[in-house]
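Shown next, in structure tokens, is the structure this report addresses.
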Amino acid sequence: MDRRIAASLLTLDRLFAADHEDGSLDLLLMGGAPLELTILAKAIAHWITTGLPLVLAAPLLGLFLNLEPAAIGAVALTLLAGTPALTCIGVIGAALSVALRRGGLLLPVLVLPLTIPC
């Protein structure tokens with residue numbers, strides 16, 4: 001399993017769980033704002049805290065590994081395109097498993113088949 005996928009899955013199980021536990025998820029559902037917009041905002045916040053640091057650190061880590069500049073750019077662009085996709089796929093799994101008691105164990109089973117290329 002790719003380390004980026006595993007790192008993304010670590011925090012996805014708690015994306016909606018805290019809101020579900022304290023009842024604020026019900027308030028968001030009954031509020032006037034579209035639910036899609038609320039989920040998009042949570043997905044962007046998750047990506048900013050987990051994916052963006054990885055994208056920003058990739059060129060520096062590429063220099064440490066003595067990669068060629070073209071390879072460093074390719075890695076950074078791939079991460080820039082891939083990490084938001086992993087976050088969006090993970091948000092779907094987190095939403096499906098939010099009410100389950102052991103949803104954190106089910107989340108990788110739901111998300112991993114969707115993230116592995118054919």
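Letters for chains follow the order of the structure tokens (A, B, ...), residue numbers begin at 1 for each chain, and ligand numbers begin at 1 in the order shown.
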Practice prompt. Tell me which protein, DNA and RNA residues are within 9 Å of Leu52 of chain A, counting only C-alpha atoms, leaving out same-chain ones fewer than 6 positions away, and put them as JSON, numbers by chain.
Written response: {"A": [79, 80, 83, 84]}
Kindly assemble as CSV a list of the segment 73-117 of chain A residues that lie within 10 Å of segment 15-27 of chain A, each paired with its nearest atom pair and their distance in Å to one decimal, using only C-alpha atoms, sorted first by chain and then by ascending residue number.
```
residue,atom,partner,partner_atom,distance
A:Gly90,CA,A:Leu15,CA,9.4
A:Val91,CA,A:Leu15,CA,7.7
A:Ala94,CA,A:Leu15,CA,6.7
A:Ala95,CA,A:Phe16,CA,6.8
A:Leu96,CA,A:Phe16,CA,9.9
A:Ser97,CA,A:Ala17,CA,8.8
A:Val98,CA,A:Ala17,CA,5.5
A:Ala99,CA,A:His20,CA,7.3
A:Leu100,CA,A:Ala17,CA,9.3
A:Arg101,CA,A:Ala17,CA,9.9
A:Gly103,CA,A:Ala17,CA,9.1
A:Gly104,CA,A:Ala17,CA,9.7
```
Practice prompt. Mind checking which residues fall within 12 Å of Leu63 of chain A, counting only C-alpha atoms, ignoring those fewer than 5 positions away in the same chain, and posting them as a ChimeraX atom specification?
Written response: /A:57-58,68-73,75
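Shortest atom-to-atom contact with Lys42 of chain A among A:Leu28, A:Val109, A:Ala74, A:Ala81: A:Leu28, counting only C-alpha atoms.
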Discussion item. What does the structure give for the distance between atom CA of Leu35 of chain A and atom CA of Thr78 of chain A, in Å to one decimal?
Written reply: 29.3 Å
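Between atom CA of Leu112 of chain A and atom CA of Thr38 of chain A the interatomic distance comes to 24.2 Å.
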Discussion item. Which residues are close to Thr49 of chain A, i.e. within 12 Å by only C-alpha atoms, leaving aside same-chain residues fewer than 2 positions away? Reply as a PyMOL selection string.
Written reply: chain A and resi 7-8+11-12+15+42-47+51-56+83-84+87
